[in-house]
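A.B. asks: Sharing upload01.txt here; it has compact mmCIF, C-alpha atoms (C1' of nucleotides).
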```txt
# COMPACT_ATOMS: atom_id res chain seq x y z
CA MET S 1 0.00 0.00 0.00
CA ASP S 2 0.98 3.56 -0.71
CA LYS S 3 3.08 5.03 2.10
CA GLN S 4 1.27 8.32 1.88
CA LYS S 5 -2.05 6.57 2.47
CA GLU S 6 -0.52 4.56 5.30
CA ILE S 7 0.44 7.82 6.94
CA LEU S 8 -3.11 9.16 6.62
CA ASN S 9 -4.51 5.92 8.03
CA ALA S 10 -2.16 5.97 10.97
CA ALA S 11 -2.85 9.64 11.61
CA LEU S 12 -6.61 9.03 11.56
CA LYS S 13 -6.35 6.19 14.03
CA LEU S 14 -4.06 8.01 16.45
CA PHE S 15 -5.64 11.46 16.23
CA THR S 16 -9.08 10.11 17.03
CA GLU S 17 -7.71 8.03 19.88
CA TYR S 18 -5.32 10.51 21.48
CA GLY S 19 -6.24 13.87 19.99
CA PHE S 20 -4.05 16.19 17.98
CA HIS S 21 -1.68 17.11 20.76
CA GLY S 22 -1.69 13.63 22.19
CA THR S 23 -0.12 12.05 19.13
CA PRO S 24 3.44 12.95 18.17
CA THR S 25 4.46 12.76 14.56
CA SER S 26 6.98 10.09 15.49
CA LYS S 27 4.17 7.79 16.63
CA ILE S 28 2.28 8.39 13.39
CA ALA S 29 5.34 7.46 11.36
CA GLN S 30 5.88 4.39 13.50
CA GLU S 31 2.25 3.25 13.20
CA ALA S 32 2.40 3.80 9.45
CA GLY S 33 5.59 1.80 9.20
CA VAL S 34 7.64 4.59 7.68
CA ALA S 35 10.55 6.68 8.83
CA ASN S 36 10.14 9.99 10.55
CA GLY S 37 11.58 11.89 7.62
CA THR S 38 9.19 10.25 5.16
CA LEU S 39 6.23 11.80 6.92
CA PHE S 40 7.72 15.23 6.48
CA HIS S 41 8.49 14.49 2.89
CA TYR S 42 4.77 14.27 2.16
CA TYR S 43 3.55 16.84 4.64
CA LYS S 44 5.65 19.88 5.37
CA THR S 45 4.26 20.31 8.87
CA LYS S 46 2.05 18.46 11.33
CA ASP S 47 -0.68 21.03 10.69
CA ASP S 48 -0.39 20.24 7.00
CA LEU S 49 -1.06 16.60 7.74
CA ILE S 50 -4.02 17.41 9.97
CA ILE S 51 -5.62 19.56 7.29
CA ALA S 52 -4.80 17.16 4.47
CA LEU S 53 -6.44 14.33 6.39
CA TYR S 54 -9.56 16.43 6.83
CA ALA S 55 -9.61 17.31 3.15
CA ASP S 56 -9.16 13.67 2.18
CA ILE S 57 -12.03 12.48 4.35
CA LYS S 58 -14.34 15.26 3.21
CA GLN S 59 -13.62 14.42 -0.40
CA ARG S 60 -14.30 10.72 0.09
CA LEU S 61 -17.54 11.47 1.89
CA GLY S 62 -18.54 14.02 -0.71
CA PHE S 63 -17.97 11.57 -3.53
CA CYS S 64 -19.93 8.83 -1.81
CA VAL S 65 -22.88 11.08 -1.10
CA VAL S 66 -23.40 12.43 -4.61
CA GLN S 67 -22.91 9.01 -6.18
CA ASP S 68 -26.43 7.77 -6.83
CA VAL S 69 -28.43 10.96 -6.95
CA LYS S 70 -30.16 11.59 -10.25
CA PRO S 71 -31.15 15.11 -11.33
CA ALA S 72 -34.59 13.78 -12.26
CA ASP S 73 -35.27 12.85 -8.63
CA SER S 74 -37.62 15.00 -6.59
CA VAL S 75 -36.22 17.22 -3.85
CA TYR S 76 -37.50 14.73 -1.31
CA GLU S 77 -35.81 11.81 -3.00
CA GLN S 78 -32.54 13.68 -3.48
CA ALA S 79 -32.49 14.85 0.12
CA LYS S 80 -33.24 11.36 1.33
CA LYS S 81 -30.44 9.88 -0.76
CA PHE S 82 -28.00 12.53 0.47
CA TYR S 83 -28.95 11.93 4.05
CA THR S 84 -28.98 8.16 3.85
CA ALA S 85 -25.70 7.92 2.01
CA ALA S 86 -23.95 10.29 4.43
CA LEU S 87 -25.29 8.53 7.49
CA GLN S 88 -24.53 5.07 6.14
CA TRP S 89 -21.02 6.21 5.33
CA GLY S 90 -20.70 7.64 8.81
CA ILE S 91 -21.69 4.33 10.35
CA GLU S 92 -19.24 2.39 8.23
CA ASN S 93 -16.48 4.92 8.78
CA SER S 94 -16.99 6.02 12.32
CA LEU S 95 -13.36 6.98 12.83
CA GLU S 96 -13.52 9.31 9.86
CA PHE S 97 -16.74 10.84 11.11
CA ARG S 98 -15.33 11.39 14.56
CA TYR S 99 -12.26 12.97 13.06
CA VAL S 100 -14.34 15.42 11.07
CA GLN S 101 -16.24 16.37 14.20
CA GLN S 102 -13.08 16.73 16.24
CA PHE S 103 -11.55 18.84 13.52
CA ALA S 104 -14.65 20.98 13.09
CA SER S 105 -14.74 21.94 16.76
CA SER S 106 -11.03 22.71 16.92
CA PRO S 107 -9.20 25.88 15.98
CA TYR S 108 -8.12 24.20 12.77
CA VAL S 109 -11.52 25.01 11.21
CA ALA S 110 -10.16 28.44 10.42
CA MET S 111 -7.63 26.81 8.10
CA ILE S 112 -10.09 24.98 5.87
CA PRO S 113 -9.29 25.87 2.25
CA GLU S 114 -12.01 27.65 0.28
CA GLU S 115 -12.48 24.94 -2.32
CA LEU S 116 -13.52 22.45 0.36
CA LYS S 117 -16.32 24.67 1.57
CA GLU S 118 -17.78 24.67 -1.92
CA GLN S 119 -18.81 21.05 -1.50
CA ASN S 120 -21.77 22.32 0.48
CA ASN S 121 -23.06 24.19 -2.54
CA ILE S 122 -24.68 21.11 -4.01
CA THR S 123 -26.70 20.60 -0.85
CA ILE S 124 -27.41 24.30 -0.47
CA ASN S 125 -28.76 24.43 -4.01
CA LEU S 126 -30.97 21.45 -3.38
CA ILE S 127 -32.38 23.14 -0.31
CA LYS S 128 -32.91 26.37 -2.20
CA GLN S 129 -34.82 24.47 -4.83
CA GLY S 130 -36.93 22.91 -2.10
CA ILE S 131 -37.67 26.34 -0.67
CA LYS S 132 -38.57 27.68 -4.12
CA GLU S 133 -40.93 24.76 -4.69
CA LYS S 134 -42.44 25.56 -1.28
CA ILE S 135 -41.77 22.02 -0.13
CA ILE S 136 -39.29 23.18 2.51
CA LYS S 137 -40.92 25.74 4.76
CA VAL S 138 -37.88 26.82 6.79
CA SER S 139 -35.36 29.36 5.60
CA PRO S 140 -32.73 30.62 4.92
CA ALA S 141 -31.07 27.74 3.14
CA ASP S 142 -27.89 27.70 5.22
CA TYR S 143 -30.02 27.52 8.34
CA VAL S 144 -31.75 24.45 6.97
CA LEU S 145 -28.34 22.99 6.14
CA ALA S 146 -27.19 23.62 9.70
CA LEU S 147 -30.27 21.87 11.08
CA PHE S 148 -29.79 19.02 8.65
CA SER S 149 -26.12 18.59 9.45
CA SER S 150 -26.44 18.73 13.20
CA HIS S 151 -29.27 16.22 13.03
CA LEU S 152 -27.06 13.95 10.96
CA TYR S 153 -24.21 14.24 13.43
CA GLY S 154 -26.47 13.57 16.36
CA VAL S 155 -28.06 10.48 14.87
CA ASN S 156 -24.71 9.20 13.71
CA GLN S 157 -23.28 9.54 17.18
CA TYR S 158 -26.29 7.85 18.72
CA ILE S 159 -26.09 4.90 16.36
CA ASN S 160 -22.36 4.53 16.92
CA GLU S 161 -22.74 4.59 20.67
CA HIS S 162 -25.56 2.03 20.72
CA LYS S 163 -24.44 -1.11 18.98
CA MET S 164 -27.31 -2.67 17.07
CA SER S 165 -27.89 -5.00 14.15
CA ALA S 166 -27.42 -3.73 10.62
CA ALA S 167 -31.16 -4.08 10.01
CA LYS S 168 -31.98 -2.00 13.05
CA GLN S 169 -29.46 0.58 11.89
CA LYS S 170 -31.08 0.87 8.48
CA GLN S 171 -34.43 1.35 10.13
CA PHE S 172 -33.00 4.08 12.32
CA VAL S 173 -31.48 5.83 9.34
CA ALA S 174 -34.71 5.78 7.38
CA GLU S 175 -36.89 6.86 10.28
CA SER S 176 -34.55 9.60 11.38
CA PHE S 177 -34.65 11.11 7.92
CA GLU S 178 -38.42 11.28 8.11
CA LEU S 179 -37.99 13.18 11.38
CA VAL S 180 -35.84 15.95 9.91
CA TRP S 181 -37.94 16.06 6.83
CA LYS S 182 -41.06 16.50 8.93
CA MET S 183 -39.30 19.25 10.79
CA ILE S 184 -38.38 21.39 7.82
CA THR S 185 -41.50 20.88 5.68
CA MET R 1 -11.06 38.20 41.72
CA ASP R 2 -10.22 34.72 42.85
CA LYS R 3 -7.00 33.47 41.26
CA GLN R 4 -8.48 30.05 40.68
CA LYS R 5 -11.30 31.59 38.70
CA GLU R 6 -8.84 33.75 36.80
CA ILE R 7 -7.03 30.60 35.78
CA LEU R 8 -10.26 29.01 34.52
CA ASN R 9 -11.12 32.19 32.61
CA ALA R 10 -7.71 32.35 30.99
CA ALA R 11 -7.81 28.65 30.16
CA LEU R 12 -11.23 29.02 28.54
CA LYS R 13 -10.10 31.91 26.42
CA LEU R 14 -6.87 30.29 25.27
CA PHE R 15 -8.16 26.75 24.80
CA THR R 16 -10.99 27.90 22.56
CA GLU R 17 -8.65 30.10 20.57
CA TYR R 18 -5.63 27.82 20.21
CA GLY R 19 -6.89 24.37 21.19
CA PHE R 20 -5.66 22.16 23.95
CA HIS R 21 -2.27 21.43 22.50
CA GLY R 22 -1.85 24.95 21.22
CA THR R 23 -1.88 26.56 24.64
CA PRO R 24 0.94 25.90 27.06
CA THR R 25 0.25 26.08 30.77
CA SER R 26 2.74 28.91 31.02
CA LYS R 27 0.58 31.05 28.72
CA ILE R 28 -2.49 30.27 30.79
CA ALA R 29 -0.74 31.36 33.97
CA GLN R 30 0.50 34.50 32.25
CA GLU R 31 -2.95 35.39 30.91
CA ALA R 32 -4.42 34.78 34.35
CA GLY R 33 -1.81 37.01 35.94
CA VAL R 34 -0.46 34.33 38.24
CA ALA R 35 2.80 32.46 38.52
CA ASN R 36 3.40 29.15 36.84
CA GLY R 37 3.47 27.31 40.12
CA THR R 38 0.12 28.72 41.22
CA LEU R 39 -1.63 26.98 38.36
CA PHE R 40 -0.22 23.65 39.46
CA HIS R 41 -1.16 24.40 43.03
CA TYR R 42 -4.83 24.33 42.06
CA TYR R 43 -4.66 21.73 39.31
CA LYS R 44 -2.24 18.86 39.61
CA THR R 45 -1.91 18.42 35.86
CA LYS R 46 -2.95 20.16 32.67
CA ASP R 47 -5.50 17.42 32.07
CA ASP R 48 -6.92 18.14 35.49
CA LEU R 49 -7.44 21.74 34.51
CA ILE R 50 -9.04 20.80 31.20
CA ILE R 51 -11.52 18.50 32.91
CA ALA R 52 -12.18 20.90 35.80
CA LEU R 53 -12.99 23.65 33.32
CA TYR R 54 -15.45 21.37 31.57
CA ALA R 55 -17.07 20.42 34.86
CA ASP R 56 -17.32 24.05 35.90
CA ILE R 57 -19.02 25.11 32.68
CA LYS R 58 -21.40 22.17 32.72
CA GLN R 59 -22.39 22.99 36.26
CA ARG R 60 -23.03 26.64 35.50
CA LEU R 61 -25.09 25.72 32.46
CA GLY R 62 -26.97 23.09 34.41
CA PHE R 63 -27.84 25.52 37.15
CA CYS R 64 -29.02 28.17 34.74
CA VAL R 65 -31.22 25.73 32.82
CA VAL R 66 -33.12 24.30 35.78
CA GLN R 67 -33.57 27.71 37.36
CA ASP R 68 -37.11 28.73 36.40
CA VAL R 69 -38.75 25.41 35.67
CA LYS R 70 -41.70 24.62 37.89
CA PRO R 71 -42.80 21.02 38.48
CA ALA R 72 -46.39 22.09 37.80
CA ASP R 73 -45.49 23.03 34.24
CA SER R 74 -46.57 20.76 31.42
CA VAL R 75 -43.97 18.70 29.58
CA TYR R 76 -44.17 21.14 26.70
CA GLU R 77 -43.58 24.15 28.91
CA GLN R 78 -40.74 22.49 30.79
CA ALA R 79 -39.05 21.37 27.60
CA LYS R 80 -39.42 24.83 26.13
CA LYS R 81 -37.92 26.45 29.21
CA PHE R 82 -35.03 23.99 29.20
CA TYR R 83 -34.35 24.57 25.55
CA THR R 84 -34.71 28.34 25.67
CA ALA R 85 -32.57 28.77 28.75
CA ALA R 86 -29.82 26.55 27.36
CA LEU R 87 -29.78 28.27 24.01
CA GLN R 88 -29.91 31.75 25.50
CA TRP R 89 -27.05 30.82 27.79
CA GLY R 90 -25.14 29.48 24.81
CA ILE R 91 -25.60 32.74 22.95
CA GLU R 92 -24.44 34.80 25.90
CA ASN R 93 -21.56 32.45 26.66
CA SER R 94 -20.40 31.40 23.25
CA LEU R 95 -16.86 30.67 24.42
CA GLU R 96 -18.16 28.29 27.04
CA PHE R 97 -20.39 26.59 24.53
CA ARG R 98 -17.58 26.18 22.05
CA TYR R 99 -15.39 24.76 24.76
CA VAL R 100 -17.97 22.14 25.66
CA GLN R 101 -18.24 21.14 22.02
CA GLN R 102 -14.48 21.02 21.59
CA PHE R 103 -14.17 18.96 24.73
CA ALA R 104 -16.98 16.62 23.78
CA SER R 105 -15.40 15.72 20.46
CA SER R 106 -11.96 15.20 21.94
CA PRO R 107 -10.50 12.12 23.62
CA TYR R 108 -11.05 13.82 26.97
CA VAL R 109 -14.72 12.74 26.89
CA ALA R 110 -13.63 9.41 28.22
CA MET R 111 -12.48 11.15 31.39
CA ILE R 112 -15.79 12.78 32.30
CA PRO R 113 -16.59 11.87 35.92
CA GLU R 114 -19.78 9.89 36.52
CA GLU R 115 -21.51 12.51 38.63
CA LEU R 116 -21.44 14.98 35.74
CA LYS R 117 -23.28 12.62 33.46
CA GLU R 118 -26.10 12.48 35.95
CA GLN R 119 -27.08 16.03 35.11
CA ASN R 120 -28.79 14.60 32.05
CA ASN R 121 -31.14 12.62 34.23
CA ILE R 122 -33.43 15.56 34.79
CA THR R 123 -33.90 15.98 31.07
CA ILE R 124 -34.13 12.26 30.48
CA ASN R 125 -36.87 11.99 33.08
CA LEU R 126 -38.78 14.83 31.49
CA ILE R 127 -38.59 13.09 28.13
CA LYS R 128 -39.66 9.80 29.67
CA GLN R 129 -42.66 11.53 31.17
CA GLY R 130 -43.47 12.99 27.76
CA ILE R 131 -43.28 9.55 26.22
CA LYS R 132 -45.48 8.10 28.94
CA GLU R 133 -48.06 10.84 28.40
CA LYS R 134 -47.88 9.99 24.67
CA ILE R 135 -47.00 13.58 23.87
CA ILE R 136 -43.55 12.64 22.59
CA LYS R 137 -43.86 10.02 19.90
CA VAL R 138 -40.18 9.17 19.42
CA SER R 139 -38.26 6.78 21.63
CA PRO R 140 -36.11 5.69 23.41
CA ALA R 141 -35.59 8.66 25.69
CA ASP R 142 -31.83 8.93 25.20
CA TYR R 143 -32.39 9.02 21.46
CA VAL R 144 -34.74 11.96 21.90
CA LEU R 145 -32.15 13.62 24.10
CA ALA R 146 -29.52 13.11 21.40
CA LEU R 147 -31.80 14.69 18.80
CA PHE R 148 -32.62 17.52 21.16
CA SER R 149 -29.00 18.21 22.04
CA SER R 150 -27.64 18.11 18.53
CA HIS R 151 -30.41 20.44 17.40
CA LEU R 152 -29.49 22.80 20.19
CA TYR R 153 -25.82 22.74 19.22
CA GLY R 154 -26.63 23.30 15.58
CA VAL R 155 -28.91 26.25 16.18
CA ASN R 156 -26.48 27.73 18.68
CA GLN R 157 -23.67 27.54 16.18
CA TYR R 158 -25.80 29.05 13.45
CA ILE R 159 -26.85 31.97 15.61
CA ASN R 160 -23.30 32.58 16.75
CA GLU R 161 -21.99 32.57 13.21
CA HIS R 162 -24.67 34.92 11.90
CA LYS R 163 -24.62 38.09 13.91
CA MET R 164 -28.13 39.46 14.36
CA SER R 165 -30.10 41.68 16.69
CA ALA R 166 -31.15 40.40 20.10
CA ALA R 167 -34.78 40.48 19.01
CA LYS R 168 -34.06 38.41 15.94
CA GLN R 169 -32.13 35.98 18.10
CA LYS R 170 -35.05 35.52 20.47
CA GLN R 171 -37.30 34.86 17.54
CA PHE R 172 -34.87 32.26 16.23
CA VAL R 173 -34.70 30.57 19.61
CA ALA R 174 -38.47 30.37 19.96
CA GLU R 175 -39.09 29.21 16.41
CA SER R 176 -36.31 26.65 16.48
CA PHE R 177 -37.83 25.07 19.57
CA GLU R 178 -41.11 24.65 17.78
CA LEU R 179 -39.18 22.85 15.04
CA VAL R 180 -37.69 20.21 17.34
CA TRP R 181 -40.94 19.92 19.19
CA LYS R 182 -42.78 19.31 15.96
CA MET R 183 -40.20 16.71 15.09
CA ILE R 184 -40.54 14.58 18.20
CA THR R 185 -44.29 14.86 18.76
C1' DA Q 1 25.80 3.92 -18.82
C1' DC Q 2 24.63 8.54 -16.80
C1' DC Q 3 21.95 11.88 -14.86
C1' DT Q 4 17.91 13.78 -12.53
C1' DT Q 5 14.05 13.46 -9.86
C1' DT Q 6 11.64 11.55 -6.30
C1' DG Q 7 11.21 8.59 -2.35
C1' DT Q 8 13.09 6.79 2.11
C1' DG Q 9 15.64 6.43 6.15
C1' DG Q 10 16.93 7.66 10.83
C1' DA Q 11 20.11 9.99 13.74
C1' DG Q 12 20.37 14.55 15.38
C1' DT Q 13 18.89 19.33 17.25
C1' DG Q 14 17.05 23.41 19.14
C1' DA Q 15 13.14 24.90 21.18
C1' DT Q 16 9.38 24.11 24.04
C1' DT Q 17 6.81 22.41 27.84
C1' DA Q 18 4.61 20.04 31.82
C1' DG Q 19 5.56 19.73 36.15
C1' DT Q 20 8.86 20.36 40.60
C1' DC Q 21 10.69 22.60 44.47
C1' DA Q 22 12.34 25.34 48.00
C1' DA Q 23 11.67 29.76 49.56
C1' DT Q 24 8.67 33.43 50.89
C1' DC Q 25 4.26 35.47 51.98
C1' DT Q 26 -0.50 35.85 54.07
C1' DG Q 27 -3.83 35.64 57.43
C1' DA Q 28 -6.30 33.52 60.87
C1' DA Q 29 -6.32 30.93 65.19
C1' DT Q 30 -4.38 30.36 69.72
C1' DA U 1 3.52 37.19 69.70
C1' DT U 2 3.79 32.71 67.82
C1' DT U 3 2.35 29.25 65.11
C1' DC U 4 0.86 26.98 61.15
C1' DA U 5 -1.53 25.77 57.02
C1' DG U 6 -2.41 27.22 52.75
C1' DA U 7 -1.23 30.48 48.94
C1' DT U 8 2.19 32.32 45.76
C1' DT U 9 6.30 32.76 43.42
C1' DG U 10 9.63 31.86 39.58
C1' DA U 11 13.81 29.62 38.58
C1' DC U 12 14.82 25.03 37.25
C1' DT U 13 14.71 20.33 34.87
C1' DA U 14 14.00 16.25 32.48
C1' DA U 15 11.66 14.91 28.79
C1' DT U 16 9.48 15.44 24.57
C1' DC U 17 8.58 16.86 20.06
C1' DA U 18 8.40 19.02 15.45
C1' DC U 19 11.29 19.36 12.11
C1' DT U 20 16.15 19.18 9.56
C1' DC U 21 19.76 17.16 7.16
C1' DC U 22 22.29 14.32 4.57
C1' DA U 23 23.13 9.80 2.81
C1' DC U 24 21.41 6.51 0.03
C1' DA U 25 18.04 3.96 -3.00
C1' DA U 26 14.69 3.47 -6.84
C1' DA U 27 12.93 4.80 -11.00
C1' DG U 28 12.77 6.51 -15.04
C1' DG U 29 14.44 9.59 -19.13
C1' DT U 30 18.00 10.32 -22.52
```
Output the file's structure in the form of structure tokens.
C.D. replies:
Amino acid sequence: MDKQKEILNAALKLFTEYGFHGTPTSKIAQEAGVANGTLFHYYKTKDDLIIALYADIKQRLGFCVVQDVKPADSVYEQAKKFYTAALQWGIENSLEFRYVQQFASSPYVAMIPEELKEQNNITINLIKQGIKEKIIKVSPADYVLALFSSHLYGVNQYINEHKMSAAKQKQFVAESFELVWKMIT
Amino acid sequence: MDKQKEILNAALKLFTEYGFHGTPTSKIAQEAGVANGTLFHYYKTKDDLIIALYADIKQRLGFCVVQDVKPADSVYEQAKKFYTAALQWGIENSLEFRYVQQFASSPYVAMIPEELKEQNNITINLIKQGIKEKIIKVSPADYVLALFSSHLYGVNQYINEHKMSAAKQKQFVAESFELVWKMIT
DNA sequence: ACCTTTGTGGAGTGATTAGTCAATCTGAAT
DNA sequence: ATTCAGATTGACTAATCACTCCACAAAGGT
């Protein structure tokens, strides 16, 4: 496996377990099975690595979420697919999800590059369309997105903390979407 | 002012601005206007301080929230008072709120003492009563609490990021409660 | 074969930091 | 006045950590 990816994997594991300041770069290199210098070959600084890991996760999540949405779908269907895909991904990649949360409530948020923030635009546009079609009754759009996101985080955390069968999980995901949807329509 | 409180104040300010690993204890002592040794007189370790600050904030929030709830109130009224008080407090103490979030999504969560977790019991009991009275239609109770909390965090963050008049804020608080309430009933 | 670029290693370093300690101060009780 | 426990100080230290540096290896490109 690619050493660069090994470094990201190791960083994800250690950062979520011990926090940013609790994991020295030397431990990351060790866990990844590479030399100390190799880490700094790929990432100029520790902060660089922290941000790159965030960007990598966000991109993977973003890709997964948009995957099977068709433009012909109704706002409801699109929103449901977004929500379900994101939540399902969060369940299957709980470390990644926790990392995003940890990152988002740390001072590193200020360092998020502009182009990453643009990923939200797809969702924002969907919400705006919903508002225009008078299906979504809450506004403005970024407020709806905030409600949507925090709901997603909350449900994800709940599911991850309460181990249950995959079937039960699916049911939770589906039902919880209906809850947010009911809330904003 | 009490030196111990000065230390907590300084820690809050610096931790939220630079993160746990980004703020050395020496800077905290300096900001608090005390000597390095004084900090360690009150808190054996840095971790101790981090946890004590969390406990202090949680306690203050907890006190403020329960304040004007009367047992005679209906579940709806009690829930609304809880929600409104917490959110209002979060708006007026945004640093504290951000700290709690930062703490909660860090590895320090694992170190939260048992007695602090019990603060949730009041809310949990209220929700259980709501479920029993068939007013709240979602269960289990801790799931409802998770939905409630994440909603609260989301709205708080939105309000803090979008500066608006106090009147507009109050309106947001009131309306956002109706949204969650609609969701779970 | 020769050169250039890129990747890899790991010992080394300067700066930083959590935490200690012994000395002094404060104030209240006897 | 004397005592004594807690508060306060800041210089000190042992350890750690982010990052550098240089040597070497691999992989092409010509």
A.B. asks: Find the residues around R:Ile7 up to 10 Å (only C-alpha atoms (C1' of nucleotides) counted), leave out those fewer than 5 positions away in its own chain, and share them as an MDAnalysis selection string.
C.D. replies: chainID R and resid 2 12:13 25 28:34 38:39 42:43 49 53
A.B. asks: Those residues with C-alpha atoms, as a PDB file, keeping the file's coordinate frame please?
C.D. replies:
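The resulting file, again.pdb, is shown below:
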```
ATOM      1  CA  ASP R   2     -10.220  34.720  42.850  1.00  0.00           C
ATOM      2  CA  LEU R  12     -11.230  29.020  28.540  1.00  0.00           C
ATOM      3  CA  LYS R  13     -10.100  31.910  26.420  1.00  0.00           C
ATOM      4  CA  THR R  25       0.250  26.080  30.770  1.00  0.00           C
ATOM      5  CA  ILE R  28      -2.490  30.270  30.790  1.00  0.00           C
ATOM      6  CA  ALA R  29      -0.740  31.360  33.970  1.00  0.00           C
ATOM      7  CA  GLN R  30       0.500  34.500  32.250  1.00  0.00           C
ATOM      8  CA  GLU R  31      -2.950  35.390  30.910  1.00  0.00           C
ATOM      9  CA  ALA R  32      -4.420  34.780  34.350  1.00  0.00           C
ATOM     10  CA  GLY R  33      -1.810  37.010  35.940  1.00  0.00           C
ATOM     11  CA  VAL R  34      -0.460  34.330  38.240  1.00  0.00           C
ATOM     12  CA  THR R  38       0.120  28.720  41.220  1.00  0.00           C
ATOM     13  CA  LEU R  39      -1.630  26.980  38.360  1.00  0.00           C
ATOM     14  CA  TYR R  42      -4.830  24.330  42.060  1.00  0.00           C
ATOM     15  CA  TYR R  43      -4.660  21.730  39.310  1.00  0.00           C
ATOM     16  CA  LEU R  49      -7.440  21.740  34.510  1.00  0.00           C
ATOM     17  CA  LEU R  53     -12.990  23.650  33.320  1.00  0.00           C
TER      18      LEU R  53
END
```
A.B. asks: Determine, counting only C-alpha atoms (C1' of nucleotides), which protein, DNA and RNA residues have an atom within 8 Å of an atom of stretch 1-18 of chain U; residues of the same chain fewer than 2 positions away are not included. Present the result as a list in words.
C.D. replies: Pro24, Thr25, Thr45 and Lys46 of chain S; Ala35, Asn36, Gly37 and Thr38 of chain R; DT24, DC25 and DT26 of chain Q
A.B. asks: With chain S as the partner and 9 Å as the cut-off, tabulate the residues of chain Q that qualify, each row holding the nearest pair of atoms and their distance in Å to one decimal, using only C-alpha atoms (C1' of nucleotides), sorted by chain and rising number, as a tab-separated table.
C.D. replies:
```
residue	atom	partner	partner_atom	distance
Q:DG7	C1'	S:Thr38	CA	8.0
Q:DT8	C1'	S:Thr38	CA	6.0
Q:DG9	C1'	S:Ala35	CA	5.8
Q:DG10	C1'	S:Ala35	CA	6.8
```
A.B. asks: Put those residues in a file: C-alpha atoms (C1' of nucleotides), as a short mmCIF file (atom, residue, chain, number, x, y, z; two decimals), in the frame of the given file.
C.D. replies:
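Output (result33.cif):
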```cif
data_model
loop_
_atom_site.label_atom_id
_atom_site.label_comp_id
_atom_site.auth_asym_id
_atom_site.auth_seq_id
_atom_site.Cartn_x
_atom_site.Cartn_y
_atom_site.Cartn_z
"C1'" DG Q 7 11.21 8.59 -2.35
"C1'" DT Q 8 13.09 6.79 2.11
"C1'" DG Q 9 15.64 6.43 6.15
"C1'" DG Q 10 16.93 7.66 10.83
#
```
A.B. asks: Please work out which residues fall within 12 Å of (-26.9, 27.8, 35.8), coordinates as given in the file, with all atoms listed in the file counting, and return them as JSON, numbers by chain.
C.D. replies: {"R": [56, 57, 58, 59, 60, 61, 62, 63, 64, 65, 66, 67, 68, 82, 85, 86, 88, 89, 90, 93, 119]}
A.B. asks: I need every residue sitting at most 10 Å from the point (20.3, 16.0, 7.5) (coordinates as in the file, only C-alpha atoms (C1' of nucleotides) considered), written as a list of chain:residue names.
C.D. replies: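 Those residues lying close to the given coordinates are S:Gly37, Q:DG10, Q:DA11, Q:DG12, U:DT20, U:DC21, U:DC22, U:DA23.
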A.B. asks: Could you write out the selected residues, including C-alpha atoms (C1' of nucleotides), as a JSON list (two decimals), in the frame of the given file?
C.D. replies:
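Below is the file that was written, selection-v8.json:
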```json
[["chain", "number", "residue", "atom", "x", "y", "z"],
["S", 37, "GLY", "CA", 11.58, 11.89, 7.62],
["Q", 10, "DG", "C1'", 16.93, 7.66, 10.83],
["Q", 11, "DA", "C1'", 20.11, 9.99, 13.74],
["Q", 12, "DG", "C1'", 20.37, 14.55, 15.38],
["U", 20, "DT", "C1'", 16.15, 19.18, 9.56],
["U", 21, "DC", "C1'", 19.76, 17.16, 7.16],
["U", 22, "DC", "C1'", 22.29, 14.32, 4.57],
["U", 23, "DA", "C1'", 23.13, 9.80, 2.81]]
```
A.B. asks: Which of these, R:Val109, R:Leu147, R:Ser74, R:Ala141, has the shortest distance to R:Leu179 once you count all atoms listed in the file?
C.D. replies: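 Answer, going by the shortest atom-to-atom distance: R:Leu147.
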A.B. asks: At a cut-off of 7 Å, which residues of chain S touch chain R? Count only C-alpha atoms and give the answer as a VMD selection string.
C.D. replies: chain S and resid 17 to 19 21 101 to 102 105 to 107 143 146 to 147 150 to 151 154 to 155 158 179 to 180 182 to 183
A.B. asks: Reconstruct stretch 56-63 of chain S at the level of N, CA and C atoms, and format the result as a compact mmCIF listing (two decimals), in the frame of the given file.
C.D. replies:
```txt
# COMPACT_ATOMS: atom_id res chain seq x y z
N ASP S 56 -9.02 15.00 2.77
CA ASP S 56 -9.16 13.67 2.18
C ASP S 56 -10.48 13.02 2.58
N ILE S 57 -10.79 13.09 3.86
CA ILE S 57 -12.03 12.48 4.35
C ILE S 57 -13.24 13.16 3.74
N LYS S 58 -13.22 14.49 3.75
CA LYS S 58 -14.34 15.26 3.21
C LYS S 58 -14.59 14.91 1.74
N GLN S 59 -13.50 14.73 1.02
CA GLN S 59 -13.62 14.42 -0.40
C GLN S 59 -14.24 13.05 -0.59
N ARG S 60 -13.76 12.07 0.20
CA ARG S 60 -14.30 10.72 0.09
C ARG S 60 -15.77 10.70 0.43
N LEU S 61 -16.13 11.40 1.50
CA LEU S 61 -17.54 11.47 1.89
C LEU S 61 -18.36 12.15 0.81
N GLY S 62 -17.84 13.26 0.32
CA GLY S 62 -18.54 14.02 -0.71
C GLY S 62 -18.83 13.17 -1.93
N PHE S 63 -17.82 12.42 -2.36
CA PHE S 63 -17.97 11.57 -3.53
C PHE S 63 -19.05 10.53 -3.31
```
